[in-house]
Structures are given as C-alpha cells and as structure tokens.
>>> print(open('input-v9.txt').read())   # compact mmCIF, C-alpha atoms and all ligand atoms
# COMPACT_ATOMS: atom_id res chain seq x y z
CA MET A 1 54.37 218.65 175.10
CA ALA A 2 53.61 222.22 173.94
CA SER A 3 55.57 224.88 175.83
CA PRO A 4 53.49 227.32 177.94
CA PRO A 5 52.69 230.66 176.25
CA ALA A 6 55.08 233.49 177.07
CA ASP A 7 53.93 236.03 179.63
CA LEU A 8 52.63 239.36 178.27
CA PRO A 9 55.26 242.12 178.17
CA ARG A 10 55.24 244.34 181.26
CA GLN A 11 57.81 247.08 180.60
CA PHE A 12 57.12 249.84 178.09
CA ALA A 13 59.08 252.97 177.24
CA SER A 14 55.87 254.98 176.93
CA ARG A 15 52.10 254.73 177.06
CA ALA A 16 52.02 254.96 173.25
CA GLU A 17 54.21 251.85 173.09
CA LEU A 18 51.84 250.02 175.45
CA GLU A 19 48.88 251.02 173.28
CA ALA A 20 50.63 249.87 170.09
CA GLN A 21 51.51 246.53 171.67
CA LEU A 22 47.91 245.97 172.79
CA ARG A 23 46.57 246.83 169.34
CA GLU A 24 48.87 244.23 167.87
CA LEU A 25 47.93 241.57 170.41
CA PHE A 26 44.18 242.24 170.37
CA PRO A 27 43.30 243.62 166.93
CA GLU A 28 39.62 242.78 167.46
CA ALA A 29 39.32 245.14 170.48
CA PRO A 30 37.89 248.53 169.47
CA GLY A 31 38.89 251.91 170.93
CA GLY A 32 41.98 253.16 172.69
CA LEU A 33 43.40 253.02 176.20
CA SER A 34 41.24 254.04 179.12
CA PRO A 35 42.32 257.40 180.57
CA ILE A 36 42.55 255.64 183.95
CA ARG A 37 46.20 254.92 184.72
CA GLY A 38 47.25 251.90 186.68
CA GLY A 39 49.91 251.66 189.37
CA ARG A 40 50.64 252.72 192.91
CA GLN A 41 51.73 256.25 191.99
CA ALA A 42 48.39 257.07 190.34
CA ALA A 43 46.57 255.48 193.28
CA GLU A 44 48.57 257.53 195.81
CA GLN A 45 47.78 260.77 193.97
CA LEU A 46 44.07 260.05 194.11
CA ARG A 47 44.24 258.99 197.75
CA GLN A 48 45.96 262.26 198.65
CA ALA A 49 43.42 264.26 196.67
CA ALA A 50 40.44 262.67 198.47
CA ASN A 51 38.43 265.27 200.37
CA PRO A 52 36.06 263.55 202.80
CA ALA A 53 34.10 266.71 203.66
CA ARG A 54 33.43 267.66 200.02
CA TYR A 55 32.72 264.00 199.31
CA GLY A 56 29.98 263.93 201.93
CA ARG A 57 28.29 266.99 200.42
CA SER A 58 28.58 266.09 196.75
CA ARG A 59 28.98 262.34 196.17
CA ASN A 60 25.60 261.92 194.44
CA PHE A 61 26.40 264.51 191.76
CA LEU A 62 28.14 263.27 188.61
CA ASP A 63 30.65 266.09 189.01
CA GLY A 64 30.90 265.57 192.77
CA ALA A 65 34.12 264.94 194.71
CA VAL A 66 34.17 261.14 194.49
CA THR A 67 37.57 259.51 194.95
CA ARG A 68 37.78 257.29 191.81
CA LEU A 69 39.81 254.86 193.90
CA SER A 70 37.74 251.79 193.03
CA PRO A 71 40.00 250.27 190.32
CA TYR A 72 42.99 250.45 192.70
CA ILE A 73 41.09 249.00 195.63
CA ARG A 74 39.66 246.28 193.41
CA HIS A 75 43.10 245.14 192.24
CA GLY A 76 44.82 245.44 195.61
CA VAL A 77 46.98 248.41 194.60
CA LEU A 78 45.57 250.13 197.70
CA SER A 79 44.00 248.25 200.58
CA LEU A 80 40.69 249.32 202.05
CA ALA A 81 42.49 249.82 205.40
CA GLU A 82 44.99 252.22 203.79
CA VAL A 83 42.17 254.31 202.37
CA ARG A 84 40.32 254.26 205.71
CA GLU A 85 43.50 255.40 207.54
CA ALA A 86 44.00 258.23 205.06
CA VAL A 87 40.44 259.42 205.71
CA PHE A 88 40.92 259.24 209.50
CA GLN A 89 44.16 261.21 209.21
CA LYS A 90 42.42 263.95 207.26
CA LEU A 91 39.65 264.06 209.83
CA ARG A 92 42.15 264.37 212.68
CA ALA A 93 43.76 267.26 210.82
CA GLY A 94 40.38 269.09 210.86
CA GLY A 95 36.89 268.68 209.53
CA GLY A 96 35.31 266.66 212.31
CA ARG A 97 33.76 263.22 212.42
CA GLU A 98 30.62 264.10 210.49
CA ALA A 99 32.61 265.35 207.51
CA GLY A 100 34.13 261.93 206.95
CA GLU A 101 31.25 259.70 207.91
CA LYS A 102 29.86 259.23 204.42
CA LEU A 103 33.13 258.09 202.85
CA ILE A 104 33.81 255.66 205.70
CA ASN A 105 30.27 254.29 205.23
CA GLU A 106 30.93 253.62 201.55
CA LEU A 107 34.19 251.83 202.30
CA GLY A 108 32.11 249.80 204.73
CA TRP A 109 29.75 248.81 201.93
CA ARG A 110 32.62 247.37 199.95
CA ASP A 111 33.77 245.37 202.96
CA PHE A 112 30.22 244.17 203.63
CA TRP A 113 29.66 242.97 200.04
CA GLN A 114 32.94 241.05 200.17
CA ARG A 115 31.82 239.28 203.34
CA VAL A 116 28.44 238.41 201.82
CA TRP A 117 30.28 237.00 198.81
CA ARG A 118 32.45 234.86 201.05
CA GLN A 119 29.28 233.38 202.55
CA LEU A 120 27.28 232.95 199.34
CA GLY A 121 30.02 232.08 196.87
CA ASP A 122 28.52 231.71 193.38
CA GLY A 123 25.11 232.16 195.02
CA ILE A 124 25.58 235.90 194.38
CA TRP A 125 24.49 235.09 190.80
CA HIS A 126 21.04 233.99 192.07
CA ASN A 127 18.18 236.07 193.42
CA GLN A 128 18.59 236.30 197.18
CA GLU A 129 14.90 237.06 197.68
CA PRO A 130 11.78 237.17 195.47
CA LEU A 131 11.48 240.26 193.26
CA LYS A 132 9.14 242.94 194.60
CA THR A 133 8.16 244.17 191.14
CA GLY A 134 5.09 241.96 190.75
CA HIS A 135 6.64 240.36 187.63
CA SER A 136 7.76 236.76 187.45
CA PRO A 137 11.52 236.21 186.94
CA ALA A 138 10.67 234.34 183.71
CA SER A 139 9.22 237.52 182.18
CA TYR A 140 12.66 239.19 182.12
CA ALA A 141 14.86 238.78 179.01
CA ASN A 142 18.09 236.81 179.37
CA GLU A 143 20.25 238.93 177.12
CA LEU A 144 21.25 242.56 177.14
CA PRO A 145 19.60 244.33 174.16
CA ALA A 146 22.18 245.27 171.50
CA ASP A 147 21.11 248.93 171.39
CA LEU A 148 22.20 249.32 175.01
CA ALA A 149 25.61 247.74 174.54
CA GLU A 150 26.11 249.77 171.35
CA ALA A 151 24.97 253.07 172.89
CA ARG A 152 22.12 253.65 170.43
CA THR A 153 19.01 253.58 172.62
CA GLY A 154 18.19 257.13 171.48
CA LEU A 155 18.25 258.27 175.12
CA ALA A 156 21.16 260.70 175.51
CA CYS A 157 21.74 259.75 179.16
CA MET A 158 21.85 255.99 178.69
CA ASP A 159 23.91 256.25 175.52
CA ALA A 160 26.43 258.53 177.23
CA PHE A 161 26.75 256.16 180.21
CA SER A 162 27.08 253.13 177.94
CA GLN A 163 29.83 254.85 175.97
CA GLU A 164 31.63 255.96 179.11
CA LEU A 165 31.50 252.46 180.53
CA VAL A 166 32.97 250.90 177.40
CA THR A 167 35.62 253.52 176.65
CA THR A 168 36.84 254.35 180.17
CA GLY A 169 35.96 251.28 182.25
CA TRP A 170 34.46 253.39 185.03
CA LEU A 171 31.09 254.96 185.85
CA HIS A 172 29.94 257.17 188.69
CA ASN A 173 27.83 255.31 191.27
CA HIS A 174 24.67 257.26 190.40
CA ALA A 175 25.10 256.52 186.68
CA ARG A 176 25.48 252.81 187.57
CA MET A 177 22.23 252.97 189.54
CA TRP A 178 20.31 254.76 186.78
CA MET A 179 21.63 252.43 184.13
CA ALA A 180 20.89 249.29 186.16
CA ALA A 181 17.35 250.52 186.85
CA TYR A 182 16.81 251.24 183.15
CA VAL A 183 18.06 247.79 182.14
CA VAL A 184 16.03 245.85 184.71
CA HIS A 185 12.82 247.88 185.13
CA TRP A 186 12.32 249.78 181.88
CA ARG A 187 13.73 247.14 179.52
CA ARG A 188 12.67 244.17 181.68
CA VAL A 189 16.04 242.41 181.37
CA GLN A 190 17.38 240.02 184.03
CA TRP A 191 19.83 241.81 186.31
CA GLN A 192 22.39 239.07 185.62
CA ALA A 193 22.67 240.17 181.97
CA GLY A 194 23.44 243.72 183.06
CA ALA A 195 25.84 242.52 185.74
CA ARG A 196 27.79 240.43 183.20
CA TRP A 197 28.02 243.43 180.88
CA PHE A 198 29.35 245.69 183.66
CA LEU A 199 31.91 243.08 184.72
CA GLN A 200 33.12 242.83 181.14
CA HIS A 201 34.01 246.53 181.06
CA LEU A 202 34.51 247.95 184.55
CA LEU A 203 38.13 248.34 185.62
CA ASP A 204 36.84 247.99 189.18
CA GLY A 205 34.63 245.06 188.12
CA ASP A 206 34.06 243.02 191.24
CA PRO A 207 31.43 240.26 191.46
CA ALA A 208 30.45 241.13 195.03
CA SER A 209 29.96 244.93 194.76
CA ASN A 210 28.59 244.57 191.25
CA ASN A 211 26.12 241.69 191.53
CA LEU A 212 24.80 242.64 194.95
CA SER A 213 24.28 246.24 193.80
CA TRP A 214 22.41 244.98 190.73
CA GLN A 215 20.28 242.81 193.04
CA TRP A 216 19.62 245.85 195.24
CA VAL A 217 18.34 247.79 192.21
CA ALA A 218 16.33 244.80 190.96
CA SER A 219 14.77 244.25 194.43
CA SER A 220 16.05 240.71 194.99
CA PHE A 221 18.33 242.04 197.77
CA SER A 222 16.24 244.97 199.05
CA HIS A 223 12.66 245.64 200.09
CA LYS A 224 11.67 247.58 196.95
CA PRO A 225 12.90 248.14 193.39
CA TYR A 226 15.08 251.21 192.83
CA ILE A 227 13.78 253.62 190.20
CA PHE A 228 14.51 257.24 189.31
CA ASN A 229 12.83 259.92 187.21
CA ARG A 230 13.97 262.69 184.89
CA SER A 231 14.02 265.36 187.55
CA ASN A 232 16.25 263.17 189.76
CA LEU A 233 18.61 262.61 186.83
CA GLU A 234 18.71 266.31 185.92
CA ARG A 235 19.31 267.30 189.53
CA TYR A 236 22.42 265.12 189.86
CA ALA A 237 23.67 264.96 186.25
CA GLY A 238 22.87 268.55 185.20
CA SER A 239 20.64 269.42 182.26
CA SER A 240 23.12 268.96 179.38
CA LEU A 241 22.16 265.32 178.67
CA CYS A 242 18.43 266.07 178.45
CA ALA A 243 19.15 269.21 176.42
CA ARG A 244 20.66 267.12 173.61
CA CYS A 245 18.23 264.19 173.87
CA ASP A 246 15.90 263.48 170.95
CA ALA A 247 13.46 261.61 173.17
CA ALA A 248 13.24 264.57 175.56
CA ALA A 249 12.71 266.95 172.62
CA LYS A 250 9.92 264.75 171.24
CA GLY A 251 8.30 264.36 174.65
CA THR A 252 8.96 260.60 174.71
CA CYS A 253 11.51 260.47 177.56
CA PRO A 254 10.53 257.33 179.51
CA PHE A 255 11.77 258.88 182.76
CA ASP A 256 9.74 262.08 182.53
CA ALA A 257 7.00 261.29 185.05
CA SER A 258 6.28 261.32 188.75
CA TYR A 259 7.43 258.39 190.88
CA GLU A 260 3.81 257.37 191.37
CA ALA A 261 3.15 257.25 187.61
CA LEU A 262 6.37 255.30 187.01
CA GLN A 263 5.54 252.78 189.72
CA GLU A 264 2.21 252.15 188.05
CA ARG A 265 3.75 251.91 184.59
CA LEU A 266 6.66 249.65 185.49
CA PHE A 267 5.36 247.27 188.15
CA ALA A 268 2.43 244.90 188.42
CA PRO A 269 -0.11 245.78 191.12
CA ALA A 270 0.36 243.93 194.39
CA ALA A 271 -1.95 240.96 194.88
CA PRO A 272 -5.03 241.89 196.98
C1 LIG A 301 24.90 248.55 189.51
C2 LIG A 301 26.16 248.82 190.29
C3 LIG A 301 27.32 248.11 190.01
C4 LIG A 301 28.49 248.32 190.75
N1 LIG A 301 29.61 247.58 190.45
C5 LIG A 301 30.75 247.77 191.17
C6 LIG A 301 31.91 247.00 190.90
O1 LIG A 301 31.94 246.12 190.03
N2 LIG A 301 33.04 247.26 191.63
C7 LIG A 301 33.05 248.22 192.61
O2 LIG A 301 34.12 248.42 193.24
N3 LIG A 301 31.96 248.94 192.91
C8 LIG A 301 30.81 248.75 192.22
N4 LIG A 301 29.70 249.51 192.51
C9 LIG A 301 29.73 250.41 193.66
C10 LIG A 301 30.12 251.87 193.35
O3 LIG A 301 29.36 252.36 192.27
C11 LIG A 301 31.62 252.02 193.03
O4 LIG A 301 32.40 251.41 194.02
C12 LIG A 301 32.01 253.52 193.00
O5 LIG A 301 31.19 254.22 192.09
C13 LIG A 301 33.46 253.64 192.59
O6 LIG A 301 33.84 254.98 192.42
P1 LIG A 301 34.75 255.73 193.50
O7 LIG A 301 35.99 254.95 193.72
O8 LIG A 301 34.88 257.15 193.07
O9 LIG A 301 33.86 255.62 194.80
P2 LIG A 301 33.73 256.55 196.07
O10 LIG A 301 32.33 256.99 196.14
O11 LIG A 301 34.79 257.59 196.09
O12 LIG A 301 33.94 255.54 197.29
C14 LIG A 301 35.24 255.14 197.76
C15 LIG A 301 35.33 253.63 197.71
O13 LIG A 301 34.29 253.03 198.50
C16 LIG A 301 33.77 251.88 197.87
N5 LIG A 301 32.37 252.12 197.51
C17 LIG A 301 31.76 253.29 197.25
N6 LIG A 301 30.44 253.11 197.00
C18 LIG A 301 30.23 251.79 197.09
C19 LIG A 301 29.06 250.98 196.95
N7 LIG A 301 27.85 251.51 196.67
N8 LIG A 301 29.19 249.64 197.10
C20 LIG A 301 30.40 249.09 197.38
N9 LIG A 301 31.55 249.82 197.55
C21 LIG A 301 31.45 251.14 197.41
C22 LIG A 301 34.62 251.64 196.63
O14 LIG A 301 35.67 250.77 196.93
C23 LIG A 301 35.12 253.04 196.33
O15 LIG A 301 36.31 253.05 195.58
C24 LIG A 301 28.50 249.29 191.79
C25 LIG A 301 27.34 250.02 192.05
C26 LIG A 301 26.18 249.80 191.31
C27 LIG A 301 24.94 250.61 191.62
>>> encode(input="input-v9.txt", output="structure tokens", more="lines below")
Ligand SMILES: Cc1cc2nc3c(=O)[nH]c(=O)nc-3n(C[C@H](O)[C@H](O)[C@H](O)COP(=O)(O)OP(=O)(O)OC[C@H]3O[C@@H](n4cnc5c(N)ncnc54)[C@H](O)[C@@H]3O)c2cc1C
Amino acid sequence: MASPPADLPRQFASRAELEAQLRELFPEAPGGLSPIRGGRQAAEQLRQAANPARYGRSRNFLDGAVTRLSPYIRHGVLSLAEVREAVFQKLRAGGGREAGEKLINELGWRDFWQRVWRQLGDGIWHNQEPLKTGHSPASYANELPADLAEARTGLACMDAFSQELVTTGWLHNHARMWMAAYVVHWRRVQWQAGARWFLQHLLDGDPASNNLSWQWVASSFSHKPYIFNRSNLERYAGSSLCARCDAAAKGTCPFDASYEALQERLFAPAAP
C-alpha cells in the first residue's frame, strides 16, 4: 500500500523562506504572498486596534475603520465571542452603547448566517426564494466571464476589485457588494458562479457568509435586488477609480445613471 503523503512543512525561518517553499510546491500559482499575515499575534494586534466608534461612522467607506478580522474569525484564530467581548470592554471604557452597536450588529450577521447554514446545509447553494429581477434563472450564465476573473473588464473599479481579491484574498464589504451586483445584474451571471470565484480566493471564504450575501444581492434571499450607481461608488470609494477609468472618460460607464434608470435597464417590468 502507498504510504500517505507527508504533511506540508509548518516551520520557516522567515516569510521569504515560506514564499520560496510555496513557489516550489505550487509552481502553477501566480503572484506572491498575500500581505495578510496569519496567526494569533496578527489577530490580536487587529483586535486591539479595533475602534467601534470610528467603525460605526465609517464602515461603508473603502478607507473606513473596518477591523479586517474576518480571516482570523473564519479560521478560528479568534472566536466571535472574543471579538464581541473586546468590543464590550472598549465600550465600558467609554464611548457609549451607540458607538459600538454597528460592529456588534455585524458580528451578529456572521452568527446568523452560520445558523442558517446549519439548517440548510448544501441548500445554501440553491435559491432560497424566486428572484425579484423579472428574469428567469435560466437566462443567467453559468460561468464567470473570463474578463472579470482576469481583471480586464475595462472598468477601473471592477478591475481593481478583481485584482485585489486575487492578490490579497480580501475585499472590503462594499466592494464585495458592488462586485456581486455587477456580476449578477449587469453581466447576468448566476450568483453561484460569483460565489464560487470568491470562495476560491477569499482568505475569509466562508460558504455561509459568502453564499447568503450573494443571494441577498441577487434577490433570492431578500425582497429586492441590490444595485448601486456611480455616485454611490464615488461617495464611498473616492473619485480616484473613476478618474482613471476609460469607460468613464468615454461616457460609457454602465453605473452612471439614476437608480430609476438602472432599474429599468437591468430588470424586466413586473407582470401587470
Ligand atoms: C458578496 C459578499 C460575499 C461575502 N463573503 C464573505 C465570506 O466569504 N466570509 C466572510 O467572513 N464574510 C463575507 N462577507 C461579509 C463581509 O463582507 C466580510 O465579513 C467583511 O467585509 C470582512 O471584513 P472585516 O473583518 O473588516 O469586517 P468588519 O466590518 O470589521 O466586521 C467585523 C466582523 O463581523 C463579521 N461581518 C461583518 N460584516 C458582515 C456581513 N455582512 N456578513 C457576515 N459577517 C459580517 C465578520 O466576521 C467580520 O470580520 C461577504 C459579503 C458580501 C457582500
């Protein structure tokens, strides 16, 4: 009988040695190491740096005070309860209940998605409700278009998010929402294709938070599809992406419209 393969090495003298070892083991994998460091020490530093009051005011902005704790929570390096206790401690030290409410709510979302997953099992890969887009599920493509995965859509925002996802393994929540909406509503691709792509790259990749969030954007787990427009993106991402975007310069940005115009463009009219 063949002997079982040896375990991967776990001790390295330096990060450069780790990178060299991975290159040797996985020559087909492009790019370098993610800047996100693993381990309890890195997790503790981020937990201590969390600022619930600033978080509440700025979490929707790409440069807002989000915690970046998700990879550590996902892999059990920090428990959700430990993060919750750290937030409560900070609130007791000053800042008041309201200042911490938003961060506690978000931790609650993670807990909620996990419970839904426990109930649904692999059912989280299926639409929980009919789509509210007016389009039949069969009209959505099964596969993620290559230009998206390769960051060459020609839209500076989507290409930047795609690149960030693949090279760092993490994306801000708002970028995840914009990207998911673009995939599902503008490109008419099944949310499952986008969800699989995210899970392939996210260091916090978690079937519950990921798939149920994709379903929320798609409208199979919410009462309406989530969409955004250029002014929403510029408000929360700043103007630098649009400033270097060819589509914006040519006047062909697909997000540059009012919500009413986008609704009409993207969704089929409701049956009379
Ligand atoms: C399309 C899409 C896919 C997503 N896929 C994942 C995924 O695979 N894994 C994952 O952990 N999160 C996922 N999320 C949720 C959220 O985007 C990330 O948890 C968050 O951006 C992680 O960054 P952070 O640690 O700085 O979060 P913070 O905003 O600082 O929040 C603190 C913690 O609360 C939890 N949390 C925050 N927002 C959410 C949320 N909306 N839903 C569930 N938990 C939340 C996370 O554990 C997070 O680490 C997804 C969201 C969308 C829209």
>>> residues_near_ligand(input="input-v9.txt", ligand="ligand LIG 301 (chain A)", cutoff="7 Å", atoms="only C-alpha atoms and all ligand atoms", output="PDB file with C-alpha atoms, in the frame of the given file")
ATOM      1  CA  ARG A  59      28.980 262.340 196.170  1.00  0.00           C
ATOM      2  CA  VAL A  66      34.170 261.140 194.490  1.00  0.00           C
ATOM      3  CA  THR A  67      37.570 259.510 194.950  1.00  0.00           C
ATOM      4  CA  ARG A  68      37.780 257.290 191.810  1.00  0.00           C
ATOM      5  CA  LEU A  69      39.810 254.860 193.900  1.00  0.00           C
ATOM      6  CA  SER A  70      37.740 251.790 193.030  1.00  0.00           C
ATOM      7  CA  PRO A  71      40.000 250.270 190.320  1.00  0.00           C
ATOM      8  CA  ILE A  73      41.090 249.000 195.630  1.00  0.00           C
ATOM      9  CA  ARG A  74      39.660 246.280 193.410  1.00  0.00           C
ATOM     10  CA  LEU A 103      33.130 258.090 202.850  1.00  0.00           C
ATOM     11  CA  GLU A 106      30.930 253.620 201.550  1.00  0.00           C
ATOM     12  CA  LEU A 107      34.190 251.830 202.300  1.00  0.00           C
ATOM     13  CA  TRP A 109      29.750 248.810 201.930  1.00  0.00           C
ATOM     14  CA  ARG A 110      32.620 247.370 199.950  1.00  0.00           C
ATOM     15  CA  TRP A 113      29.660 242.970 200.040  1.00  0.00           C
ATOM     16  CA  LEU A 171      31.090 254.960 185.850  1.00  0.00           C
ATOM     17  CA  HIS A 172      29.940 257.170 188.690  1.00  0.00           C
ATOM     18  CA  ASN A 173      27.830 255.310 191.270  1.00  0.00           C
ATOM     19  CA  HIS A 174      24.670 257.260 190.400  1.00  0.00           C
ATOM     20  CA  ARG A 176      25.480 252.810 187.570  1.00  0.00           C
ATOM     21  CA  MET A 177      22.230 252.970 189.540  1.00  0.00           C
ATOM     22  CA  ALA A 180      20.890 249.290 186.160  1.00  0.00           C
ATOM     23  CA  PHE A 198      29.350 245.690 183.660  1.00  0.00           C
ATOM     24  CA  LEU A 199      31.910 243.080 184.720  1.00  0.00           C
ATOM     25  CA  LEU A 202      34.510 247.950 184.550  1.00  0.00           C
ATOM     26  CA  ASP A 204      36.840 247.990 189.180  1.00  0.00           C
ATOM     27  CA  GLY A 205      34.630 245.060 188.120  1.00  0.00           C
ATOM     28  CA  ASP A 206      34.060 243.020 191.240  1.00  0.00           C
ATOM     29  CA  PRO A 207      31.430 240.260 191.460  1.00  0.00           C
ATOM     30  CA  SER A 209      29.960 244.930 194.760  1.00  0.00           C
ATOM     31  CA  ASN A 210      28.590 244.570 191.250  1.00  0.00           C
ATOM     32  CA  ASN A 211      26.120 241.690 191.530  1.00  0.00           C
ATOM     33  CA  SER A 213      24.280 246.240 193.800  1.00  0.00           C
ATOM     34  CA  TRP A 214      22.410 244.980 190.730  1.00  0.00           C
TER      35      TRP A 214
END
>>> residues_around(input="input-v9.txt", residues="Ala193 in chain A", least_positions_apart="4", cutoff="12 Å", atoms="only C-alpha atoms", output="list in words")
Trp125, His126, Tyr140, Ala141, Asn142, Glu143, Leu144, Pro145, Ala146, Leu148, Ala149, Ala180, Val183, Val184, Arg187, Arg188, Val189, Trp197, Phe198, Leu199, Gln200, Asn210, Asn211, Trp214, Gln215 and Ala218 of chain A
>>> residues_around(input="input-v9.txt", residues="Gly238 in chain A", least_positions_apart="4", cutoff="10 Å", atoms="only C-alpha atoms", output="list in words")
Phe61, Leu62, Asp63, Ser231, Asn232, Leu233, Glu234, Cys242 and Ala243 of chain A
>>> atom_distance(input="input-v9.txt", atom1="CA of His75 in chain A", atom2="CA of Thr168 in chain A")
16.4 Å
>>> atom_distance(input="input-v9.txt", atom1="CA of Trp117 in chain A", atom2="CA of Asn60 in chain A")
25.7 Å
>>> closest_residue(input="input-v9.txt", among="A:Thr167, A:Gln11, A:Gln21, A:Ser79", to="Arg40 in chain A", atoms="only C-alpha atoms")
A:Ser79
>>> atom_distance(input="input-v9.txt", atom1="CA of Pro30 in chain A", atom2="CA of Gln45 in chain A")
29.1 Å
>>> residues_around(input="input-v9.txt", residues="Gly32 in chain A", least_positions_apart="3", cutoff="10 Å", atoms="only C-alpha atoms", output="list in words")
Glu19, Ala20, Leu22, Arg23, Ala29, Pro35, Thr167 and Thr168 of chain A
>>> closest_residue(input="input-v9.txt", among="A:Ala99, A:Leu155, A:Leu266, A:Val77", to="Ala43 in chain A", atoms="all atoms listed in the file")
A:Val77
>>> closest_residue(input="input-v9.txt", among="A:Ala268, A:Ala81, A:Ala208, A:Met179", to="Gln119 in chain A", atoms="all atoms listed in the file")
A:Ala208
>>> closest_residue(input="input-v9.txt", among="A:Ala151, A:Ala181, A:Leu33, A:Ala93", to="Phe228 in chain A", atoms="only C-alpha atoms")
A:Ala181
>>> residues_around(input="input-v9.txt", residues="Gly39 in chain A", least_positions_apart="2", cutoff="10 Å", atoms="only C-alpha atoms", output="ChimeraX atom specification")
/A:36-37,41-44,72,75,77-78
>>> closest_residue(input="input-v9.txt", among="A:Gly100, A:Pro269, A:Gly108, A:Gly94", to="Leu80 in chain A", atoms="all atoms listed in the file")
A:Gly108
>>> closest_residue(input="input-v9.txt", among="A:Gly56, A:Gly194, A:Gly31, A:Pro225", to="Gly134 in chain A", atoms="all atoms listed in the file")
A:Pro225
>>> axis_aligned_box(input="input-v9.txt", around="range 236-255 of chain A", padding_each_side="5 Å", output="JSON")
{"center_x": 16.0, "center_y": 263.4, "center_z": 180.4, "size_x": 25.4, "size_y": 22.1, "size_z": 28.9}
